[in-house]
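Peer 1: Structure file upload27.txt, compact mmCIF, C-alpha atoms and all ligand atoms, is pasted below:
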# COMPACT_ATOMS: atom_id res chain seq x y z
CA MET A 1 2.23 -4.81 -24.21
CA ARG A 2 4.02 -7.58 -26.07
CA LYS A 3 5.46 -10.64 -24.51
CA ILE A 4 9.20 -10.95 -24.32
CA ARG A 5 8.87 -14.71 -24.61
CA PHE A 6 7.35 -14.23 -28.04
CA GLU A 7 10.42 -12.33 -29.15
CA VAL A 8 12.74 -15.08 -27.92
CA LEU A 9 10.77 -17.72 -29.83
CA LEU A 10 10.93 -15.62 -32.93
CA VAL A 11 14.71 -15.40 -32.68
CA ALA A 12 14.93 -19.17 -32.39
CA ALA A 13 12.70 -19.72 -35.39
CA ILE A 14 14.14 -17.24 -37.84
CA GLY A 15 17.73 -17.51 -36.73
CA LEU A 16 20.48 -15.15 -37.69
CA VAL A 17 18.44 -12.60 -39.56
CA VAL A 18 16.39 -11.77 -36.52
CA LEU A 19 19.39 -12.06 -34.25
CA ALA A 20 21.21 -9.50 -36.34
CA SER A 21 18.30 -7.12 -36.28
CA CYS A 22 17.96 -7.66 -32.54
CA ASP A 23 21.61 -6.85 -32.01
CA LYS A 24 21.52 -4.00 -29.58
CA GLN A 25 22.46 -0.65 -30.91
CA ALA A 26 22.45 2.62 -29.08
CA VAL A 27 19.40 4.64 -30.05
CA PRO A 28 20.51 7.68 -32.06
CA GLY A 29 19.46 11.11 -30.87
CA ALA A 30 19.67 13.08 -27.66
CA ILE A 31 18.75 11.87 -24.18
CA LEU A 32 16.53 13.79 -21.82
CA GLU A 33 16.51 12.99 -18.13
CA LEU A 34 14.29 14.94 -15.85
CA ASN A 35 13.40 14.53 -12.20
CA GLY A 36 12.05 16.42 -9.27
CA PRO A 37 9.46 16.42 -6.52
CA VAL A 38 5.79 15.89 -7.28
CA MET A 39 2.72 14.52 -5.45
CA GLY A 40 4.60 13.95 -2.21
CA THR A 41 7.19 11.81 -4.00
CA ARG A 42 9.60 12.17 -6.93
CA PHE A 43 9.23 11.76 -10.64
CA ASN A 44 11.78 10.59 -13.16
CA VAL A 45 11.42 10.87 -16.92
CA GLN A 46 13.94 9.41 -19.34
CA VAL A 47 13.61 9.98 -23.05
CA VAL A 48 15.98 8.33 -25.51
CA GLY A 49 16.41 9.21 -29.17
CA MET A 50 15.15 12.80 -29.10
CA PRO A 51 15.34 14.29 -32.60
CA GLU A 52 17.27 17.56 -32.98
CA SER A 53 14.07 19.29 -33.99
CA LEU A 54 12.67 18.86 -30.48
CA ASP A 55 13.59 21.54 -27.98
CA LYS A 56 14.71 19.76 -24.79
CA GLU A 57 14.08 22.72 -22.53
CA ALA A 58 10.59 23.27 -23.90
CA LEU A 59 9.73 19.59 -23.51
CA ALA A 60 11.05 19.58 -19.94
CA ALA A 61 8.96 22.66 -19.12
CA GLU A 62 5.88 21.06 -20.66
CA ILE A 63 6.34 17.88 -18.61
CA ARG A 64 6.76 19.87 -15.39
CA ALA A 65 3.73 22.03 -16.14
CA THR A 66 1.66 18.90 -16.87
CA LEU A 67 2.64 17.29 -13.58
CA ASP A 68 2.12 20.48 -11.60
CA GLY A 69 -1.29 20.87 -13.23
CA ILE A 70 -2.41 17.38 -12.19
CA ASN A 71 -1.11 17.96 -8.67
CA ALA A 72 -2.87 21.31 -8.43
CA THR A 73 -6.10 19.59 -9.52
CA MET A 74 -6.03 16.42 -7.46
CA SER A 75 -3.93 16.99 -4.34
CA THR A 76 -5.70 16.85 -0.99
CA TYR A 77 -2.71 18.70 0.45
CA LEU A 78 -3.68 21.86 -1.43
CA ALA A 79 -6.79 23.57 -0.06
CA GLU A 80 -7.44 25.17 -3.45
CA SER A 81 -7.24 22.00 -5.55
CA GLU A 82 -10.35 20.90 -7.38
CA VAL A 83 -10.58 17.77 -5.23
CA SER A 84 -10.23 19.84 -2.04
CA GLN A 85 -12.94 22.18 -3.24
CA PHE A 86 -15.23 19.23 -3.87
CA ASN A 87 -14.38 17.93 -0.40
CA GLN A 88 -15.24 21.30 1.15
CA TYR A 89 -18.45 21.58 -0.85
CA ALA A 90 -21.41 20.64 1.35
CA GLY A 91 -23.99 20.37 -1.44
CA THR A 92 -25.33 17.15 -2.87
CA ASP A 93 -25.89 18.26 -6.46
CA TRP A 94 -23.49 17.78 -9.36
CA PHE A 95 -20.18 19.59 -8.81
CA PRO A 96 -18.40 20.35 -12.10
CA VAL A 97 -14.81 19.10 -12.28
CA SER A 98 -12.15 18.74 -14.96
CA ALA A 99 -12.31 15.81 -17.38
CA SER A 100 -9.17 14.42 -15.74
CA THR A 101 -10.65 14.31 -12.22
CA ALA A 102 -13.78 12.64 -13.59
CA LYS A 103 -11.68 10.10 -15.50
CA VAL A 104 -9.56 9.15 -12.48
CA THR A 105 -12.62 8.98 -10.23
CA GLU A 106 -14.45 6.77 -12.70
CA ALA A 107 -11.48 4.37 -12.88
CA ALA A 108 -11.32 4.30 -9.07
CA GLN A 109 -15.04 3.58 -8.77
CA LYS A 110 -14.67 0.60 -11.11
CA ILE A 111 -11.93 -0.86 -8.90
CA SER A 112 -14.12 -0.25 -5.83
CA ALA A 113 -17.03 -2.09 -7.40
CA ALA A 114 -14.76 -4.98 -8.45
CA THR A 115 -13.28 -5.28 -4.94
CA GLY A 116 -16.43 -4.89 -2.87
CA GLY A 117 -15.13 -1.59 -1.54
CA ALA A 118 -11.66 -2.76 -0.48
CA PHE A 119 -10.36 0.00 -2.71
CA ASP A 120 -12.26 3.17 -1.90
CA ILE A 121 -11.31 6.77 -2.63
CA THR A 122 -13.74 7.97 0.05
CA VAL A 123 -11.50 6.36 2.69
CA GLY A 124 -9.73 9.70 3.35
CA PRO A 125 -11.23 10.46 6.78
CA LEU A 126 -9.97 7.07 7.98
CA VAL A 127 -6.56 7.73 6.41
CA ASN A 128 -6.50 11.00 8.33
CA ILE A 129 -7.41 9.56 11.74
CA TRP A 130 -4.65 7.00 11.25
CA GLY A 131 -2.20 9.86 10.68
CA PHE A 132 -1.44 9.42 6.96
CA GLY A 133 -3.38 12.27 5.45
CA PRO A 134 -2.79 15.99 5.20
CA GLU A 135 -3.83 16.33 8.85
CA SER A 136 -1.27 15.83 11.63
CA ALA A 137 0.76 12.72 12.32
CA LEU A 138 -0.54 10.18 14.81
CA GLU A 139 0.56 9.99 18.43
CA ALA A 140 -1.74 7.28 19.67
CA MET A 141 -4.10 4.78 18.14
CA PRO A 142 -7.54 6.23 17.43
CA ASP A 143 -10.40 5.14 19.69
CA ARG A 144 -12.72 2.37 18.60
CA SER A 145 -15.64 4.83 18.80
CA VAL A 146 -13.81 7.33 16.60
CA ILE A 147 -13.10 4.60 14.02
CA ALA A 148 -16.77 3.59 14.05
CA ALA A 149 -18.00 7.17 13.68
CA VAL A 150 -15.57 7.98 10.88
CA SER A 151 -16.39 4.69 9.10
CA GLU A 152 -19.97 5.90 8.80
CA ARG A 153 -18.76 8.64 6.48
CA ILE A 154 -17.00 6.21 4.15
CA GLY A 155 -18.44 4.47 1.12
CA TYR A 156 -17.80 4.68 -2.60
CA GLN A 157 -21.53 4.20 -3.18
CA LYS A 158 -22.03 7.67 -1.69
CA LEU A 159 -20.14 9.09 -4.66
CA ASP A 160 -21.34 9.47 -8.25
CA VAL A 161 -19.22 10.41 -11.23
CA ARG A 162 -20.29 11.71 -14.61
CA VAL A 163 -17.84 12.00 -17.46
CA ASP A 164 -19.80 14.23 -19.85
CA PRO A 165 -20.03 16.95 -18.77
CA PRO A 166 -17.50 15.99 -16.10
CA ALA A 167 -18.86 16.30 -12.56
CA LEU A 168 -18.92 14.59 -9.19
CA LYS A 169 -21.79 14.23 -6.79
CA LYS A 170 -21.94 13.16 -3.17
CA SER A 171 -25.02 11.79 -1.48
CA GLU A 172 -23.78 13.01 1.91
CA PRO A 173 -22.41 16.51 2.46
CA ASP A 174 -19.30 15.47 4.39
CA LEU A 175 -18.05 12.91 1.85
CA TYR A 176 -14.32 13.35 1.26
CA ILE A 177 -12.32 11.87 -1.60
CA ASP A 178 -8.62 11.09 -1.82
CA LEU A 179 -7.11 10.07 -5.17
CA SER A 180 -3.59 9.40 -3.80
CA ALA A 181 -3.72 5.69 -4.57
CA ILE A 182 -4.40 6.18 -8.29
CA ALA A 183 -3.46 9.74 -9.31
CA LYS A 184 0.27 9.04 -9.63
CA GLY A 185 -0.47 6.35 -12.18
CA TYR A 186 -2.77 8.69 -14.05
CA ALA A 187 -0.05 11.36 -14.17
CA VAL A 188 2.38 8.77 -15.58
CA ASP A 189 -0.11 7.98 -18.37
CA VAL A 190 -0.59 11.65 -19.20
CA VAL A 191 3.15 12.27 -19.48
CA CYS A 192 3.53 9.13 -21.64
CA ASP A 193 0.75 10.32 -23.95
CA LEU A 194 2.43 13.72 -24.19
CA LEU A 195 5.73 12.10 -25.20
CA ALA A 196 4.06 9.76 -27.70
CA ASP A 197 2.22 12.72 -29.23
CA LYS A 198 5.61 14.30 -29.94
CA GLY A 199 6.48 11.23 -31.97
CA LEU A 200 8.87 9.89 -29.31
CA GLU A 201 9.22 6.12 -29.19
CA ASN A 202 11.69 5.39 -26.40
CA PHE A 203 10.93 6.59 -22.90
CA LEU A 204 10.27 5.68 -19.31
CA VAL A 205 8.16 7.69 -16.89
CA ASP A 206 8.24 6.97 -13.17
CA ILE A 207 6.35 8.68 -10.36
CA GLY A 208 7.11 7.24 -6.95
CA GLY A 209 7.60 3.73 -8.32
CA GLU A 210 4.54 3.69 -10.59
CA LEU A 211 5.99 3.51 -14.07
CA ARG A 212 5.34 3.08 -17.74
CA PHE A 213 7.78 2.70 -20.60
CA THR A 214 8.12 1.90 -24.24
CA GLY A 215 10.87 1.20 -26.75
CA ARG A 216 14.51 1.04 -25.74
CA ASN A 217 16.83 2.54 -23.17
CA ALA A 218 20.01 4.50 -24.00
CA GLN A 219 21.99 1.27 -24.45
CA GLY A 220 19.51 0.03 -27.01
CA ASP A 221 18.14 -2.63 -24.65
CA LEU A 222 14.59 -3.17 -23.51
CA TRP A 223 13.84 -1.19 -20.36
CA ARG A 224 14.53 -3.33 -17.33
CA VAL A 225 12.16 -2.89 -14.42
CA ALA A 226 13.32 -4.17 -11.07
CA ILE A 227 10.75 -5.37 -8.56
CA GLU A 228 12.19 -4.38 -5.21
CA ASN A 229 12.86 -7.10 -2.71
CA PRO A 230 10.60 -6.28 0.25
CA ARG A 231 13.05 -7.97 2.60
CA GLY A 232 15.45 -5.16 1.86
CA ASP A 233 18.08 -7.30 0.16
CA ARG A 234 20.36 -5.44 -2.18
CA LYS A 235 19.36 -7.62 -5.10
CA PRO A 236 15.97 -6.93 -6.68
CA TYR A 237 13.38 -9.65 -6.28
CA GLU A 238 12.99 -9.88 -10.03
CA VAL A 239 13.82 -7.88 -13.13
CA LEU A 240 11.18 -7.59 -15.82
CA SER A 241 12.17 -6.88 -19.42
CA LEU A 242 9.20 -5.94 -21.52
CA GLU A 243 8.67 -4.19 -24.84
CA GLY A 244 6.48 -1.70 -23.06
CA GLY A 245 3.78 -1.41 -20.45
CA ALA A 246 3.02 -0.08 -17.02
CA VAL A 247 4.28 -1.55 -13.77
CA ALA A 248 2.89 -0.37 -10.43
CA THR A 249 3.95 -1.60 -7.04
CA SER A 250 2.32 -1.14 -3.68
CA GLY A 251 4.10 -2.09 -0.56
CA ASN A 252 3.39 -2.52 3.06
CA TYR A 253 7.00 -2.31 4.08
CA ARG A 254 8.04 1.26 3.36
CA ASN A 255 5.29 3.67 4.33
CA TYR A 256 4.17 2.74 7.83
CA PHE A 257 4.38 3.90 11.40
CA GLU A 258 4.92 2.09 14.67
CA ILE A 259 3.18 2.38 17.99
CA GLY A 260 4.40 0.11 20.76
CA GLY A 261 6.37 -1.99 18.32
CA GLN A 262 3.32 -2.64 16.12
CA ARG A 263 3.49 -1.62 12.48
CA PHE A 264 0.62 0.18 10.82
CA SER A 265 0.37 0.42 7.07
CA HIS A 266 -0.72 3.59 5.25
CA THR A 267 -3.27 1.50 3.41
CA ILE A 268 -6.56 1.33 5.23
CA ASP A 269 -9.08 -1.46 4.85
CA PRO A 270 -12.39 0.41 4.58
CA ARG A 271 -14.17 -2.79 5.54
CA THR A 272 -12.58 -2.77 9.01
CA GLY A 273 -11.68 0.91 9.36
CA ARG A 274 -8.12 -0.11 10.24
CA PRO A 275 -4.74 -0.26 8.53
CA VAL A 276 -4.35 -3.52 6.66
CA ASN A 277 -2.79 -6.21 8.72
CA HIS A 278 -1.82 -9.33 6.84
CA SER A 279 1.28 -10.96 5.48
CA LEU A 280 1.09 -9.51 1.94
CA VAL A 281 3.98 -7.05 1.76
CA LEU A 282 4.26 -6.27 -1.93
CA ALA A 283 1.88 -6.23 -4.89
CA THR A 284 3.03 -5.55 -8.43
CA ILE A 285 0.58 -5.13 -11.28
CA VAL A 286 1.65 -5.06 -14.92
CA SER A 287 -0.76 -3.50 -17.37
CA ASP A 288 -0.95 -1.25 -20.41
CA GLU A 289 -2.09 1.70 -18.36
CA ALA A 290 -0.36 3.07 -15.24
CA MET A 291 -3.56 4.49 -13.72
CA THR A 292 -5.34 1.18 -13.37
CA ALA A 293 -2.09 -0.62 -12.45
CA ASP A 294 -1.55 1.90 -9.62
CA GLY A 295 -5.09 1.60 -8.30
CA TRP A 296 -5.11 -2.18 -8.55
CA ALA A 297 -1.73 -2.51 -6.80
CA THR A 298 -3.14 -0.63 -3.81
CA ALA A 299 -6.35 -2.68 -4.01
CA MET A 300 -4.29 -5.91 -3.81
CA ILE A 301 -2.61 -4.67 -0.63
CA VAL A 302 -6.05 -4.16 0.92
CA LEU A 303 -7.37 -7.52 -0.26
CA GLY A 304 -4.35 -9.53 0.88
CA ALA A 305 -2.77 -12.37 -1.09
CA GLU A 306 -5.53 -14.94 -0.81
CA GLU A 307 -8.43 -12.76 -1.89
CA GLY A 308 -6.15 -10.69 -4.14
CA ILE A 309 -5.06 -13.56 -6.34
CA VAL A 310 -8.66 -14.70 -6.83
CA VAL A 311 -9.72 -11.19 -7.86
CA ALA A 312 -6.65 -10.82 -10.12
CA GLU A 313 -7.54 -14.05 -11.98
CA ARG A 314 -11.16 -13.01 -12.30
CA GLU A 315 -10.20 -9.58 -13.65
CA GLY A 316 -7.45 -10.94 -15.93
CA LEU A 317 -4.82 -8.85 -14.14
CA ALA A 318 -1.10 -9.58 -14.25
CA ALA A 319 -0.37 -9.60 -10.52
CA LEU A 320 2.66 -10.64 -8.49
CA LEU A 321 1.99 -10.83 -4.76
CA LEU A 322 4.72 -11.39 -2.17
CA SER A 323 3.84 -12.33 1.38
CA GLU A 324 6.00 -12.68 4.43
CA ASP A 325 6.26 -16.26 5.56
CA GLY A 326 8.51 -16.41 8.59
CA GLU A 327 11.99 -15.65 7.31
CA SER A 328 11.11 -16.13 3.66
CA LEU A 329 8.76 -14.76 1.04
CA ARG A 330 5.79 -16.59 -0.38
CA GLU A 331 4.88 -15.76 -3.94
CA ALA A 332 1.50 -15.83 -5.65
CA SER A 333 1.23 -14.82 -9.27
CA SER A 334 -1.72 -14.74 -11.62
CA SER A 335 -1.70 -16.56 -14.96
CA ALA A 336 -1.48 -13.25 -16.85
CA MET A 337 1.71 -12.46 -14.89
CA GLU A 338 3.14 -15.91 -15.57
CA SER A 339 2.74 -15.43 -19.29
CA LEU A 340 4.77 -12.19 -19.10
CA ARG A 341 7.72 -13.79 -17.34
CA ASP A 342 10.75 -15.05 -19.18
P1 LIG B 1 1.18 2.37 -2.41
O1 LIG B 1 2.05 2.51 -3.62
O2 LIG B 1 1.89 1.92 -1.18
O3 LIG B 1 -0.13 1.66 -2.66
P2 LIG B 1 -0.24 4.67 -3.02
O4 LIG B 1 0.30 6.04 -2.91
O5 LIG B 1 -0.53 4.12 -4.37
O6 LIG B 1 0.75 3.81 -2.18
O7 LIG B 1 -1.56 4.57 -2.18
C1 LIG B 1 -1.56 4.82 -0.80
C2 LIG B 1 -2.52 5.96 -0.49
O8 LIG B 1 -3.83 5.54 -0.84
C3 LIG B 1 -2.60 6.29 0.98
O9 LIG B 1 -1.65 7.25 1.33
C4 LIG B 1 -4.03 6.79 1.12
O10 LIG B 1 -4.09 8.17 0.83
C5 LIG B 1 -4.78 6.05 0.08
N1 LIG B 1 -5.50 4.87 0.58
C6 LIG B 1 -5.32 4.20 1.73
N2 LIG B 1 -6.16 3.17 1.81
C7 LIG B 1 -6.90 3.16 0.67
C8 LIG B 1 -7.96 2.32 0.17
N3 LIG B 1 -8.42 1.28 0.85
N4 LIG B 1 -8.48 2.64 -1.04
C9 LIG B 1 -8.03 3.69 -1.74
N5 LIG B 1 -7.04 4.52 -1.32
C10 LIG B 1 -6.49 4.25 -0.13
MG MG B 2 -1.57 2.89 -5.75
Go ahead and express the file in the form of structure tokens.
Ligand code: ADP
Ligand code: MG
Peer 2:
Amino acid sequence: MRKIRFEVLLVAAIGLVVLASCDKQAVPGAILELNGPVMGTRFNVQVVGMPESLDKEALAAEIRATLDGINATMSTYLAESEVSQFNQYAGTDWFPVSASTAKVTEAAQKISAATGGAFDITVGPLVNIWGFGPESALEAMPDRSVIAAVSERIGYQKLDVRVDPPALKKSEPDLYIDLSAIAKGYAVDVVCDLLADKGLENFLVDIGGELRFTGRNAQGDLWRVAIENPRGDRKPYEVLSLEGGAVATSGNYRNYFEIGGQRFSHTIDPRTGRPVNHSLVLATIVSDEAMTADGWATAMIVLGAEEGIVVAEREGLAALLLSEDGESLREASSSAMESLRD
């Protein structure tokens, strides 16, 4: 990820030569745009400057097959997925999984350790009793005793991951994992790697708002990534222009339910067993990799702005956190985020 500010300084220093070479020019070659449903949301892939030698249809089919493959491996909505099979498995010895499941789990476990368990892929049973999982939607708030009993089953320390040979291991038979908060980002990375391997240099991959991009758009400009305004205004909160990178956003304002006028987020704080309940409404993480950006964005929503910004600084994360403050928004941004801004 290179800083846009650096480019601007360069233009000022070298003058017309650089300005001329920066003059935007449409990228030659064909454009591929592909979208459709995946992982309970939608994906969008835009490729600019496809050489004639590349078969568009074949590339589109390869992207779809890649996404379907990740979904078929990691979805908790599919009883046959690898993750579901691990969840159904009642043994406590190593359970062989694909390299991809091990990789995503390992990344998740690192975020758990760095957040004292605020981010926790074993939180699934709590997600389910709050009506956000593959089980049925919620009609009433779960009982305190149910929350306490289900919380007993939670804990990332009860899960072990091994990368070579790839396998997972639970210390308690009923441990259940849910990769929803990080798998979309992983899938974005895999599609980006696939495109880069084909020699493509200009593309953007988006799955449900977790995105990664490189090079230029069809107009020859840097990709512009809008950070949605959580207050629902038409205008985006901010537009980022970067040479490339991953941008993941987690929000507390879109995916929620209401009981008796109270809003409940789909992000659960494993430390309380309840949906998060604080003023942080949006967390955006900018990184090189969509997987970690996705996981960390969700982690920020659990931590809240105050704890989140401390952890972001400590971890060197580029984080933008927006909290509701009466009628307005309060912003907190880490120093790594500040250095990316224009
Ligand atoms: P968002 O973009 O709003 O963060 P994600 O899809 O990335 O949404 O993550 C939300 C999903 O993460 C939930 O639907 C749930 O399955 C799972 N989840 C909820 N709470 C946690 C948590 N504390 N740690 C990890 N995953 C969680
Ligand atoms: Mg996430």
Peer 1: Dig up all the protein and nucleic acid residues within 10 Å of (-10.1, 4.3, -10.3) in the file frame, using only C-alpha atoms, and format them as a VMD selection string.
Peer 2: chain A and resid 102 to 113 119 to 121 179 181 to 183 186 291 to 296
Peer 1: What are the closest atom pairs, with distances in Å to one decimal, for all residues of chain A lying within 7 Å of ligand LIG 1 (chain B)? Consider only C-alpha atoms and all ligand atoms, order rows by chain and residue number, and present the result as a Markdown table.
Peer 2:
| residue | atom | partner | partner_atom | distance |
| --- | --- | --- | --- | --- |
| A:Ala118 | CA | B:LIG1 | N3 | 5.3 |
| A:Phe119 | CA | B:LIG1 | N4 | 3.6 |
| A:Asp120 | CA | B:LIG1 | N4 | 3.9 |
| A:Ile121 | CA | B:LIG1 | C9 | 4.6 |
| A:Val123 | CA | B:LIG1 | C8 | 5.9 |
| A:Gly124 | CA | B:LIG1 | O10 | 6.4 |
| A:Val127 | CA | B:LIG1 | C4 | 5.9 |
| A:Phe132 | CA | B:LIG1 | O9 | 6.0 |
| A:Gly133 | CA | B:LIG1 | O10 | 6.2 |
| A:Asp178 | CA | B:LIG1 | O10 | 6.0 |
| A:Leu179 | CA | B:LIG1 | N5 | 6.8 |
| A:Ser180 | CA | B:LIG1 | O10 | 4.8 |
| A:Ala181 | CA | B:LIG1 | O7 | 3.4 |
| A:Ile182 | CA | B:LIG1 | O5 | 5.9 |
| A:Thr249 | CA | B:LIG1 | O1 | 5.7 |
| A:Ser250 | CA | B:LIG1 | O1 | 3.7 |
| A:Gly251 | CA | B:LIG1 | O2 | 4.6 |
| A:Asn252 | CA | B:LIG1 | O2 | 6.3 |
| A:Asn255 | CA | B:LIG1 | O2 | 6.7 |
| A:His266 | CA | B:LIG1 | C3 | 5.4 |
| A:Thr267 | CA | B:LIG1 | N2 | 3.7 |
| A:Ile268 | CA | B:LIG1 | N2 | 3.9 |
| A:Asp269 | CA | B:LIG1 | N3 | 4.9 |
| A:Pro270 | CA | B:LIG1 | N3 | 5.5 |
| A:Asp294 | CA | B:LIG1 | O5 | 5.8 |
| A:Gly295 | CA | B:LIG1 | O5 | 6.5 |
| A:Ala297 | CA | B:LIG1 | O3 | 6.1 |
| A:Thr298 | CA | B:LIG1 | O3 | 4.0 |
| A:Ala299 | CA | B:LIG1 | N4 | 6.5 |
| A:Val302 | CA | B:LIG1 | N3 | 5.9 |
Peer 1: Report, in Å with one decimal, the straight-line distance from atom CA of Leu320 of chain A to atom CA of Ser333 of chain A.
Peer 2: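 Atom CA of Leu320 of chain A sits 4.5 Å away from atom CA of Ser333 of chain A.
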Peer 1: When you look at Gly304 of chain A with a cut-off of 9 Å (counting all atoms listed in the file), what residues show up, excluding the ones that are within fewer than 4 positions of it in the same chain? I need them as an MDAnalysis selection string.
Peer 2: chainID A and resid 276:281 299:300 308:309 321 323
Peer 1: Looking at A:Arg271, A:Arg330, A:Arg341, A:Arg212, which one is nearest to Gly116 of chain A, with distances taken over only C-alpha atoms?
Peer 2: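 Using only C-alpha atoms, Gly116 of chain A sits closest to A:Arg271.
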Peer 1: Go through A:Ala61, A:Val150, A:Ala90, A:Val225 one by one, measure the shortest atom-to-atom distance of each to Glu210 of chain A using all atoms listed in the file, and give the residue with the smallest value.
Peer 2: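 When distances to Glu210 of chain A are compared using all atoms listed in the file, the smallest one comes from A:Val225.
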Peer 1: I'd like the contact shell of Asp143 of chain A - 12 Å cut-off, all atoms listed in the file, skipping same-chain residues fewer than 2 positions apart - returned as a list in words.
Peer 2: Leu126, Ile129, Trp130, Ala140, Met141, Ser145, Val146, Ile147, Ala148, Ala149, Val150, Gly273 and Arg274 of chain A
Peer 1: Which of these residues is nearest to ligand MG 2 (chain B), using only C-alpha atoms and all ligand atoms: A:Leu211, A:Ala226, A:Leu195, A:Val239?
Peer 2: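 Result for the nearest residue to ligand MG 2 (chain B): A:Leu211.
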